[in-house]
file protein.cif (mmCIF, C-alpha atoms)
data_structure
loop_
_atom_site.label_atom_id
_atom_site.label_comp_id
_atom_site.auth_asym_id
_atom_site.auth_seq_id
_atom_site.Cartn_x
_atom_site.Cartn_y
_atom_site.Cartn_z
CA MET A 1 181.65 49.85 -58.30
CA ASN A 2 182.61 48.05 -55.10
CA HIS A 3 179.99 45.71 -53.67
CA LEU A 4 180.17 44.28 -50.14
CA VAL A 5 177.84 41.39 -49.29
CA VAL A 6 177.37 40.65 -45.58
CA PHE A 7 175.79 37.31 -44.97
CA ALA A 8 174.77 35.30 -41.90
CA HIS A 9 173.30 31.82 -42.02
CA PRO A 10 174.53 28.81 -40.02
CA ASN A 11 173.63 26.34 -42.76
CA PRO A 12 176.14 26.41 -45.64
CA LYS A 13 173.51 24.85 -47.93
CA SER A 14 170.78 27.39 -47.19
CA PHE A 15 168.79 29.21 -49.84
CA CYS A 16 170.44 32.39 -48.50
CA ARG A 17 173.73 30.99 -49.81
CA GLY A 18 172.06 30.69 -53.22
CA ILE A 19 171.04 34.35 -52.96
CA VAL A 20 174.63 35.32 -52.19
CA ASP A 21 175.95 33.34 -55.17
CA THR A 22 173.37 35.00 -57.42
CA ILE A 23 174.31 38.46 -56.16
CA GLU A 24 177.97 37.73 -56.76
CA ALA A 25 177.41 36.49 -60.32
CA ALA A 26 175.10 39.39 -61.20
CA ALA A 27 177.43 42.00 -59.70
CA VAL A 28 180.51 40.60 -61.42
CA GLY A 29 178.48 40.54 -64.64
CA GLN A 30 177.96 44.26 -64.19
CA GLY A 31 181.70 44.81 -63.80
CA GLN A 32 181.48 45.32 -60.05
CA ILE A 33 184.15 44.15 -57.62
CA VAL A 34 182.55 41.92 -54.98
CA ARG A 35 183.62 40.97 -51.48
CA VAL A 36 181.49 38.54 -49.45
CA ARG A 37 181.64 38.44 -45.64
CA ASN A 38 180.13 35.17 -44.50
CA LEU A 39 180.03 35.90 -40.76
CA TYR A 40 179.52 32.29 -39.70
CA GLU A 41 182.51 31.28 -41.82
CA THR A 42 184.82 34.05 -40.63
CA GLY A 43 183.73 33.40 -37.04
CA PHE A 44 182.92 37.02 -36.42
CA GLU A 45 182.71 37.87 -32.71
CA ALA A 46 179.19 39.25 -32.55
CA ILE A 47 178.84 40.31 -28.92
CA LEU A 48 179.69 43.91 -28.09
CA ALA A 49 181.98 43.49 -25.09
CA PRO A 50 182.88 45.82 -22.21
CA SER A 51 186.40 45.88 -23.69
CA ASP A 52 185.01 47.29 -26.96
CA PHE A 53 183.50 50.20 -25.03
CA GLU A 54 186.75 50.79 -23.20
CA GLY A 55 188.61 50.78 -26.51
CA PHE A 56 186.18 53.21 -28.14
CA GLN A 57 186.52 55.54 -25.15
CA ARG A 58 190.31 55.53 -25.52
CA GLY A 59 189.89 56.07 -29.29
CA VAL A 60 191.09 52.54 -30.04
CA THR A 61 189.06 50.40 -32.43
CA PRO A 62 189.49 46.62 -31.98
CA GLU A 63 191.31 45.07 -34.95
CA ASP A 64 188.45 42.80 -36.04
CA ILE A 65 186.04 45.74 -36.12
CA LYS A 66 188.57 47.85 -38.02
CA ALA A 67 188.81 45.17 -40.72
CA GLU A 68 185.03 45.21 -41.24
CA GLN A 69 184.96 49.02 -41.23
CA GLU A 70 187.64 49.12 -43.94
CA LEU A 71 185.40 46.98 -46.15
CA ILE A 72 182.43 49.26 -45.53
CA LYS A 73 184.56 52.31 -46.39
CA TRP A 74 185.64 50.56 -49.58
CA ALA A 75 182.09 49.63 -50.62
CA ASP A 76 179.75 51.68 -52.79
CA VAL A 77 176.96 49.15 -52.27
CA ILE A 78 176.40 47.09 -49.12
CA THR A 79 174.04 44.13 -49.31
CA PHE A 80 172.75 42.20 -46.30
CA VAL A 81 171.46 38.65 -46.81
CA TYR A 82 169.84 36.82 -43.89
CA PRO A 83 166.99 34.61 -42.76
CA VAL A 84 164.34 36.42 -40.69
CA TRP A 85 164.34 34.88 -37.21
CA TRP A 86 161.84 36.24 -34.73
CA ALA A 87 161.00 39.20 -36.97
CA GLY A 88 164.63 40.26 -37.08
CA MET A 89 168.21 39.49 -37.97
CA PRO A 90 170.09 36.50 -36.56
CA ALA A 91 172.10 37.60 -33.51
CA MET A 92 175.26 37.10 -35.57
CA LEU A 93 174.29 39.88 -37.96
CA LYS A 94 172.76 42.11 -35.27
CA GLY A 95 176.07 41.88 -33.44
CA TYR A 96 177.93 42.90 -36.59
CA VAL A 97 175.76 46.04 -36.66
CA ASP A 98 176.19 46.62 -32.90
CA ARG A 99 179.99 46.41 -33.07
CA VAL A 100 181.00 47.64 -36.54
CA LEU A 101 178.79 50.74 -36.99
CA SER A 102 180.39 52.41 -34.00
CA TYR A 103 180.11 56.03 -32.95
CA GLY A 104 182.52 58.11 -35.02
CA PHE A 105 182.46 55.56 -37.84
CA GLY A 106 178.78 55.03 -38.70
CA TYR A 107 177.39 58.19 -37.15
CA GLU A 108 178.13 61.09 -34.82
CA TYR A 109 176.14 63.67 -32.93
CA VAL A 110 176.34 67.34 -33.91
CA ASN A 111 174.64 69.74 -31.51
CA GLY A 112 172.64 66.83 -30.16
CA ALA A 113 171.38 65.69 -33.56
CA PRO A 114 172.57 62.45 -35.19
CA ASN A 115 174.58 62.76 -38.38
CA GLY A 116 175.22 59.75 -40.64
CA LEU A 117 178.85 59.32 -41.66
CA LEU A 118 178.38 56.86 -44.50
CA LYS A 119 176.56 59.10 -46.96
CA GLY A 120 176.77 58.29 -50.66
CA LYS A 121 176.61 54.54 -50.12
CA LYS A 122 173.67 52.37 -51.11
CA ALA A 123 172.20 49.29 -49.48
CA LEU A 124 170.19 46.28 -50.55
CA LEU A 125 168.60 43.73 -48.22
CA PHE A 126 167.43 40.24 -49.13
CA CYS A 127 165.59 38.33 -46.43
CA THR A 128 164.04 34.89 -46.35
CA THR A 129 161.09 33.86 -44.20
CA GLY A 130 159.52 30.54 -43.40
CA SER A 131 155.99 31.92 -43.39
CA PRO A 132 154.33 33.18 -46.57
CA SER A 133 154.76 36.89 -47.30
CA ASP A 134 151.03 37.64 -47.14
CA VAL A 135 151.03 36.82 -43.40
CA TYR A 136 153.59 39.59 -42.86
CA GLU A 137 151.87 41.97 -45.28
CA GLN A 138 148.43 41.67 -43.67
CA ASN A 139 149.52 42.80 -40.21
CA GLY A 140 152.11 45.37 -41.25
CA MET A 141 155.04 43.28 -40.01
CA HIS A 142 157.00 43.73 -43.25
CA ASN A 143 156.77 47.49 -42.80
CA SER A 144 157.89 47.29 -39.18
CA MET A 145 160.80 45.04 -40.06
CA LYS A 146 161.80 47.44 -42.82
CA GLN A 147 161.60 50.47 -40.56
CA VAL A 148 163.81 49.05 -37.82
CA THR A 149 166.51 47.97 -40.28
CA ASP A 150 166.31 50.43 -43.16
CA GLN A 151 165.63 53.58 -41.16
CA GLY A 152 166.95 52.44 -37.76
CA ILE A 153 170.31 51.21 -39.08
CA PHE A 154 171.17 52.18 -42.66
CA GLU A 155 169.52 55.57 -43.05
CA PHE A 156 170.72 56.52 -39.57
CA CYS A 157 174.24 56.19 -41.02
CA GLY A 158 173.28 58.13 -44.15
CA ILE A 159 173.11 55.02 -46.35
CA GLN A 160 170.30 54.94 -48.91
CA VAL A 161 168.34 51.68 -48.90
CA VAL A 162 167.51 51.03 -52.53
CA LYS A 163 165.52 47.85 -52.04
CA HIS A 164 164.58 45.53 -49.19
CA THR A 165 163.16 42.29 -50.51
CA PHE A 166 161.46 39.48 -48.56
CA PHE A 167 161.16 36.00 -50.03
CA GLY A 168 158.37 34.12 -48.31
CA ALA A 169 157.76 30.47 -47.41
CA VAL A 170 161.17 29.54 -48.79
CA PRO A 171 161.17 25.88 -47.67
CA TYR A 172 157.60 25.28 -48.89
CA VAL A 173 157.27 26.94 -52.29
CA PRO A 174 157.82 24.93 -55.50
CA GLU A 175 161.36 24.84 -56.90
CA GLU A 176 160.15 27.06 -59.76
CA THR A 177 159.24 29.82 -57.29
CA ARG A 178 162.67 29.66 -55.67
CA LYS A 179 164.19 30.05 -59.14
CA ASP A 180 161.98 33.11 -59.65
CA TYR A 181 163.24 34.49 -56.34
CA LEU A 182 166.82 34.21 -57.60
CA LYS A 183 165.86 35.90 -60.87
CA GLU A 184 164.44 38.75 -58.80
CA VAL A 185 167.76 38.97 -56.91
CA GLN A 186 169.58 39.22 -60.22
CA ARG A 187 167.20 41.93 -61.49
CA VAL A 188 167.62 44.01 -58.34
CA VAL A 189 171.42 43.76 -58.39
CA GLU A 190 171.54 44.65 -62.09
CA SER A 191 169.36 47.70 -61.51
CA ILE A 192 171.92 49.29 -59.16
CA LYS A 193 173.80 52.05 -60.98
CA MET B 1 154.02 34.21 -8.76
CA ASN B 2 157.36 33.38 -10.40
CA HIS B 3 159.09 36.25 -12.15
CA LEU B 4 162.01 35.78 -14.55
CA VAL B 5 164.03 38.86 -15.52
CA VAL B 6 166.25 38.51 -18.58
CA PHE B 7 168.76 41.29 -18.84
CA ALA B 8 171.53 42.22 -21.30
CA HIS B 9 173.84 45.19 -20.87
CA PRO B 10 177.65 45.08 -21.04
CA ASN B 11 178.05 47.86 -18.48
CA PRO B 12 177.43 46.65 -14.89
CA LYS B 13 176.76 50.24 -13.83
CA SER B 14 174.16 50.98 -16.51
CA PHE B 15 170.75 52.48 -15.82
CA CYS B 16 169.33 49.15 -17.06
CA ARG B 17 170.93 47.55 -13.99
CA GLY B 18 168.97 50.07 -11.88
CA ILE B 19 165.80 49.01 -13.66
CA VAL B 20 166.54 45.36 -12.87
CA ASP B 21 167.15 46.16 -9.19
CA THR B 22 163.87 48.09 -9.07
CA ILE B 23 161.96 45.22 -10.68
CA GLU B 24 163.45 42.78 -8.21
CA ALA B 25 162.57 44.92 -5.18
CA ALA B 26 159.03 45.62 -6.43
CA ALA B 27 158.37 41.99 -7.33
CA VAL B 28 159.68 40.67 -4.01
CA GLY B 29 157.53 43.31 -2.30
CA GLN B 30 154.55 41.74 -4.04
CA GLY B 31 155.49 38.32 -2.72
CA GLN B 32 156.82 37.12 -6.07
CA ILE B 33 159.82 34.82 -6.43
CA VAL B 34 162.38 36.44 -8.72
CA ARG B 35 165.18 35.02 -10.83
CA VAL B 36 167.45 37.35 -12.79
CA ARG B 37 169.41 36.17 -15.81
CA ASN B 38 172.13 38.69 -16.54
CA LEU B 39 173.30 37.30 -19.87
CA TYR B 40 176.59 39.21 -19.92
CA GLU B 41 177.36 37.88 -16.45
CA THR B 42 176.42 34.28 -17.14
CA GLY B 43 178.33 34.42 -20.43
CA PHE B 44 175.41 33.09 -22.41
CA GLU B 45 176.43 31.74 -25.82
CA ALA B 46 174.25 33.87 -28.07
CA ILE B 47 175.03 32.56 -31.53
CA LEU B 48 172.77 29.81 -32.86
CA ALA B 49 175.29 27.27 -34.12
CA PRO B 50 175.05 24.55 -36.76
CA SER B 51 175.45 22.07 -33.87
CA ASP B 52 172.27 23.47 -32.25
CA PHE B 53 170.33 22.69 -35.43
CA GLU B 54 171.79 19.20 -35.56
CA GLY B 55 170.82 18.68 -31.93
CA PHE B 56 167.26 19.90 -32.47
CA GLN B 57 166.90 17.59 -35.47
CA ARG B 58 167.97 14.61 -33.35
CA GLY B 59 165.59 15.79 -30.60
CA VAL B 60 168.51 16.81 -28.35
CA THR B 61 168.44 20.25 -26.73
CA PRO B 62 171.86 21.64 -25.75
CA GLU B 63 172.29 21.82 -21.96
CA ASP B 64 172.69 25.60 -21.78
CA ILE B 65 169.47 26.11 -23.74
CA LYS B 66 167.67 23.58 -21.58
CA ALA B 67 168.63 25.52 -18.43
CA GLU B 68 167.11 28.72 -19.83
CA GLN B 69 164.00 26.87 -21.00
CA GLU B 70 163.48 25.45 -17.50
CA LEU B 71 163.43 29.00 -16.13
CA ILE B 72 160.91 30.09 -18.74
CA LYS B 73 158.71 27.10 -17.91
CA TRP B 74 158.95 28.02 -14.23
CA ALA B 75 158.04 31.70 -14.80
CA ASP B 76 154.57 33.20 -14.76
CA VAL B 77 155.98 36.59 -15.77
CA ILE B 78 158.99 37.14 -18.03
CA THR B 79 160.54 40.59 -18.14
CA PHE B 80 163.14 41.72 -20.67
CA VAL B 81 165.37 44.68 -19.83
CA TYR B 82 167.75 46.06 -22.47
CA PRO B 83 169.18 49.14 -24.12
CA VAL B 84 167.84 49.78 -27.62
CA TRP B 85 170.74 49.53 -30.03
CA TRP B 86 170.03 50.16 -33.69
CA ALA B 87 166.28 50.02 -33.13
CA GLY B 88 166.53 46.57 -31.60
CA MET B 89 167.90 44.28 -28.92
CA PRO B 90 171.61 43.84 -28.29
CA ALA B 91 172.84 40.75 -30.17
CA MET B 92 173.28 39.04 -26.80
CA LEU B 93 169.54 39.15 -26.12
CA LYS B 94 168.53 38.49 -29.72
CA GLY B 95 170.67 35.36 -29.58
CA TYR B 96 168.92 34.27 -26.39
CA VAL B 97 165.64 34.49 -28.31
CA ASP B 98 167.10 32.75 -31.37
CA ARG B 99 168.43 29.81 -29.35
CA VAL B 100 166.08 29.39 -26.38
CA LEU B 101 162.63 29.78 -27.97
CA SER B 102 163.23 26.77 -30.16
CA TYR B 103 160.69 24.87 -32.22
CA GLY B 104 158.78 22.49 -29.98
CA PHE B 105 159.47 24.64 -26.92
CA GLY B 106 158.30 28.16 -27.81
CA TYR B 107 156.04 27.25 -30.71
CA GLU B 108 155.03 24.52 -33.12
CA TYR B 109 153.19 24.28 -36.40
CA VAL B 110 149.80 22.59 -36.58
CA ASN B 111 148.45 22.06 -40.10
CA GLY B 112 150.83 24.76 -41.33
CA ALA B 113 149.70 27.34 -38.77
CA PRO B 114 151.93 28.49 -35.91
CA ASN B 115 150.81 27.63 -32.39
CA GLY B 116 152.36 29.26 -29.33
CA LEU B 117 153.41 26.81 -26.62
CA LEU B 118 153.90 29.28 -23.76
CA LYS B 119 150.30 30.37 -23.28
CA GLY B 120 149.25 31.71 -19.89
CA LYS B 121 152.51 33.54 -19.30
CA LYS B 122 152.83 37.32 -19.26
CA ALA B 123 155.66 39.57 -20.40
CA LEU B 124 156.95 43.03 -19.60
CA LEU B 125 159.62 44.91 -21.54
CA PHE B 126 161.65 47.87 -20.30
CA CYS B 127 163.92 49.52 -22.87
CA THR B 128 166.26 52.46 -22.66
CA THR B 129 167.16 54.74 -25.55
CA GLY B 130 169.76 57.46 -25.97
CA SER B 131 167.49 59.64 -28.11
CA PRO B 132 164.39 61.29 -26.64
CA SER B 133 161.16 59.31 -26.92
CA ASP B 134 159.41 61.93 -29.07
CA VAL B 135 161.88 61.22 -31.91
CA TYR B 136 160.71 57.61 -31.95
CA GLU B 137 157.05 58.53 -31.47
CA GLN B 138 156.95 61.00 -34.36
CA ASN B 139 158.06 58.55 -37.02
CA GLY B 140 156.31 55.46 -35.69
CA MET B 141 159.56 53.75 -34.68
CA HIS B 142 158.28 52.87 -31.20
CA ASN B 143 155.36 51.06 -32.79
CA SER B 144 157.61 49.17 -35.19
CA MET B 145 159.97 48.18 -32.39
CA LYS B 146 157.01 46.99 -30.36
CA GLN B 147 155.55 44.98 -33.21
CA VAL B 148 158.74 43.08 -33.99
CA THR B 149 159.32 42.14 -30.34
CA ASP B 150 155.87 41.93 -28.80
CA GLN B 151 154.05 40.31 -31.70
CA GLY B 152 157.03 38.83 -33.52
CA ILE B 153 158.48 37.07 -30.46
CA PHE B 154 156.26 36.94 -27.37
CA GLU B 155 152.77 36.72 -28.86
CA PHE B 156 154.06 34.24 -31.44
CA CYS B 157 154.77 31.97 -28.44
CA GLY B 158 151.38 32.70 -26.91
CA ILE B 159 152.80 35.04 -24.24
CA GLN B 160 150.71 38.12 -23.45
CA VAL B 161 152.74 41.35 -23.46
CA VAL B 162 151.23 43.43 -20.65
CA LYS B 163 153.41 46.50 -21.09
CA HIS B 164 156.38 47.57 -23.21
CA THR B 165 157.93 50.74 -21.84
CA PHE B 166 160.60 52.94 -23.43
CA PHE B 167 162.66 55.35 -21.33
CA GLY B 168 164.10 58.07 -23.55
CA ALA B 169 167.31 60.12 -23.51
CA VAL B 170 168.52 58.21 -20.45
CA PRO B 171 172.03 59.71 -20.29
CA TYR B 172 170.79 63.27 -20.83
CA VAL B 173 167.67 63.72 -18.67
CA PRO B 174 167.95 65.21 -15.15
CA GLU B 175 168.49 62.80 -12.27
CA GLU B 176 164.92 63.52 -11.17
CA THR B 177 163.57 62.15 -14.44
CA ARG B 178 165.58 58.96 -14.07
CA LYS B 179 164.10 58.55 -10.61
CA ASP B 180 160.64 58.98 -12.16
CA TYR B 181 161.52 56.29 -14.68
CA LEU B 182 162.29 53.89 -11.83
CA LYS B 183 159.02 54.79 -10.09
CA GLU B 184 157.25 53.92 -13.33
CA VAL B 185 159.06 50.54 -13.36
CA GLN B 186 157.83 49.92 -9.81
CA ARG B 187 154.26 50.87 -10.72
CA VAL B 188 154.21 48.56 -13.74
CA VAL B 189 155.62 45.61 -11.80
CA GLU B 190 153.16 46.14 -8.94
CA SER B 191 150.24 46.24 -11.39
CA ILE B 192 150.91 42.67 -12.55
CA LYS B 193 148.43 40.29 -10.98
#
call {"tool": "encode", "arguments": {"input": "protein.cif", "output": "structure tokens"}}
result
Amino acid sequence: MNHLVVFAHPNPKSFCRGIVDTIEAAAVGQGQIVRVRNLYETGFEAILAPSDFEGFQRGVTPEDIKAEQELIKWADVITFVYPVWWAGMPAMLKGYVDRVLSYGFGYEYVNGAPNGLLKGKKALLFCTTGSPSDVYEQNGMHNSMKQVTDQGIFEFCGIQVVKHTFFGAVPYVPEETRKDYLKEVQRVVESIK
Amino acid sequence: MNHLVVFAHPNPKSFCRGIVDTIEAAAVGQGQIVRVRNLYETGFEAILAPSDFEGFQRGVTPEDIKAEQELIKWADVITFVYPVWWAGMPAMLKGYVDRVLSYGFGYEYVNGAPNGLLKGKKALLFCTTGSPSDVYEQNGMHNSMKQVTDQGIFEFCGIQVVKHTFFGAVPYVPEETRKDYLKEVQRVVESIK
């Protein structure tokens, strides 16, 4: 099983990095082949440019987008790891979605209806928040955040979201809780068949 | 009344540009002073960088962020105009939010509870979608998109969202409908007191 981890956090010592390391160890332990795309490290160009549009219209995919698309094609499981900023992804990761899941690669329209082109693949999402999870649970924000990513991005492309996990109050919980978070990451990754 | 319009679309001939022009004309007609920030045109740097964090920690705000913050301070009304991509903002605009609404400017924490620092300001949002609006209404996606932006960004900073409008199927509706959309923009802007 091929496992692609897409990761965006500007701090190389973040807890998100710990999540990525845990995913990698758990996936390798399951005999999976893992590739990690650390978008801040690779310097991914996250802003969809007018030249991208022009390329798409001429049927030409920019080289950097093509490289990311090849990895998605290769992957059976795609995992996103990111800190929740302003109830959403960091711009770096949003821009990866904007540019890489292009028309004709991620989806198409057939008789006016959208058709996902990445069927058969699975997705996991692991998100960290500064506020405690119950704040987001009480007002339905977790559900809204899930809908815009899981349904609005992955399922639109035909990718099945297996699990979207939020880890709350990451900087404030005791060390023991953060260890439990990483155990949960391991459990989720090991449950993917 | 000071009105700041923040706008992100890579195509200078987009319908979003028409929305911005309509806002500007309507607001000026009401005697408002208008400033438009076209983020693609100004070349705003949308990716929150490790150096931004380091600056914030030393109490130093990068110059480009400071310029945007001054405009927000100046504004009584802040209007966002953008195409919905993947159930959210273009990365360009998300990055504006990530970088500009920094801790100590947009919000702070008091005894562990968030406190918005931009109280008294109002916001409008105008969004375009490729799919018809009833698709988004049926499954609750409009509501989720509103919650993550209106509550997750603006209200978190203490800004009152007066109206968040979606214009559906923009490329596919008859010209007459697009004209109606612009009349609706005018009505909303003129209703702001």
call {"tool": "interface_residues", "arguments": {"input": "protein.cif", "of": "chain B", "to": "chain A", "cutoff": "10 Å", "atoms": "only C-alpha atoms", "output": "PyMOL selection string"}}
result
chain B and resi 9-12+40+45-53+85-99+101+112-114+131+136+139-149+151-154+156
call {"tool": "residues_near_point", "arguments": {"input": "protein.cif", "point": "(160.9, 44.5, -12.6)", "cutoff": "7 Å", "atoms": "all atoms listed in the file", "output": "list in words"}}
result
Ile19, Val20, Thr22, Ile23, Glu24, Ala26, Ala27, Thr79, Val185, Gln186 and Val189 of chain B
call {"tool": "residues_around", "arguments": {"input": "protein.cif", "residues": "A:Ile72", "least_positions_apart": "4", "cutoff": "8 Å", "atoms": "all atoms listed in the file", "output": "list in words"}}
result
Leu4, Glu68 and Ile78 of chain A
call {"tool": "atom_distance", "arguments": {"input": "protein.cif", "atom1": "atom CA of A:Val173", "atom2": "atom CA of B:Tyr109"}}
result
16.6 Å
call {"tool": "closest_residue", "arguments": {"input": "protein.cif", "among": "B:Asn115, B:Gln69, B:Thr128, B:Gln30", "to": "B:Val100", "atoms": "only C-alpha atoms"}}
result
B:Gln69
call {"tool": "atom_distance", "arguments": {"input": "protein.cif", "atom1": "atom CA of B:Tyr172", "atom2": "atom CA of B:Asp21"}}
result
21.0 Å
call {"tool": "residues_near_point", "arguments": {"input": "protein.cif", "point": "(173.7, 37.4, -43.7)", "cutoff": "6 Å", "atoms": "all atoms listed in the file", "output": "PDB file with C-alpha atoms, in the frame of the given file"}}
result
ATOM      1  CA  VAL A   6     177.370  40.650 -45.580  1.00  0.00           C
ATOM      2  CA  PHE A   7     175.790  37.310 -44.970  1.00  0.00           C
ATOM      3  CA  ALA A   8     174.770  35.300 -41.900  1.00  0.00           C
ATOM      4  CA  HIS A   9     173.300  31.820 -42.020  1.00  0.00           C
ATOM      5  CA  PHE A  80     172.750  42.200 -46.300  1.00  0.00           C
ATOM      6  CA  VAL A  81     171.460  38.650 -46.810  1.00  0.00           C
ATOM      7  CA  TYR A  82     169.840  36.820 -43.890  1.00  0.00           C
TER       8      TYR A  82
END
call {"tool": "resolve_selection", "arguments": {"input": "protein.cif", "expression": "the PyMOL selection byres ((chain A and resi 165) around 6)", "output": "list in words"}}
result
Phe126, His164 and Phe166 of chain A
call {"tool": "resolve_selection", "arguments": {"input": "protein.cif", "expression": "the PyMOL selection byres ((chain A and resi 159) around 9)", "output": "ChimeraX atom specification"}}
result
/A:116-123,150,153-158,160-161
call {"tool": "decode", "arguments": {"input": "protein.cif", "residues": "stretch 2-9 of chain A", "atoms": "all heavy atoms", "output": "short mmCIF file (atom, residue, chain, number, x, y, z; two decimals), in the first residue's frame"}}
result
data_model
loop_
_atom_site.label_atom_id
_atom_site.label_comp_id
_atom_site.auth_asym_id
_atom_site.auth_seq_id
_atom_site.Cartn_x
_atom_site.Cartn_y
_atom_site.Cartn_z
N ASN A 2 0.56 2.17 -0.86
CA ASN A 2 1.34 3.41 -0.98
C ASN A 2 0.65 4.55 -0.21
O ASN A 2 -0.52 4.81 -0.43
CB ASN A 2 1.48 3.82 -2.44
CG ASN A 2 2.31 2.81 -3.23
OD1 ASN A 2 3.12 2.08 -2.65
ND2 ASN A 2 2.10 2.76 -4.52
N HIS A 3 1.41 5.20 0.64
CA HIS A 3 0.84 6.18 1.56
C HIS A 3 1.54 7.53 1.38
O HIS A 3 2.72 7.67 1.65
CB HIS A 3 1.01 5.67 2.99
CG HIS A 3 0.16 6.37 3.99
ND1 HIS A 3 -0.35 5.74 5.11
CD2 HIS A 3 -0.27 7.65 4.07
CE1 HIS A 3 -1.06 6.62 5.82
NE2 HIS A 3 -1.01 7.77 5.21
N LEU A 4 0.77 8.51 0.94
CA LEU A 4 1.30 9.87 0.75
C LEU A 4 0.85 10.75 1.91
O LEU A 4 -0.35 10.86 2.19
CB LEU A 4 0.78 10.44 -0.57
CG LEU A 4 1.09 11.92 -0.85
CD1 LEU A 4 2.59 12.15 -1.02
CD2 LEU A 4 0.33 12.40 -2.09
N VAL A 5 1.80 11.39 2.57
CA VAL A 5 1.48 12.31 3.67
C VAL A 5 1.81 13.73 3.21
O VAL A 5 2.94 14.01 2.83
CB VAL A 5 2.29 11.97 4.94
CG1 VAL A 5 1.91 12.91 6.09
CG2 VAL A 5 2.08 10.52 5.33
N VAL A 6 0.80 14.60 3.22
CA VAL A 6 0.99 15.99 2.82
C VAL A 6 0.86 16.86 4.07
O VAL A 6 -0.14 16.77 4.78
CB VAL A 6 -0.03 16.42 1.75
CG1 VAL A 6 0.26 17.85 1.28
CG2 VAL A 6 -0.01 15.46 0.57
N PHE A 7 1.85 17.67 4.28
CA PHE A 7 2.05 18.27 5.60
C PHE A 7 2.44 19.74 5.44
O PHE A 7 3.28 20.08 4.60
CB PHE A 7 3.16 17.46 6.29
CG PHE A 7 3.82 18.09 7.46
CD1 PHE A 7 3.06 18.62 8.50
CD2 PHE A 7 5.20 18.12 7.57
CE1 PHE A 7 3.69 19.18 9.61
CE2 PHE A 7 5.83 18.67 8.67
CZ PHE A 7 5.06 19.20 9.68
N ALA A 8 1.81 20.60 6.21
CA ALA A 8 2.15 22.03 6.15
C ALA A 8 2.18 22.63 7.54
O ALA A 8 1.13 22.78 8.19
CB ALA A 8 1.13 22.79 5.29
N HIS A 9 3.36 22.95 8.01
CA HIS A 9 3.52 23.70 9.25
C HIS A 9 4.85 24.45 9.18
O HIS A 9 5.86 23.84 8.85
CB HIS A 9 3.48 22.79 10.48
CG HIS A 9 3.18 23.52 11.75
ND1 HIS A 9 3.99 24.52 12.24
CD2 HIS A 9 2.15 23.43 12.62
CE1 HIS A 9 3.47 25.00 13.37
NE2 HIS A 9 2.35 24.36 13.61
#
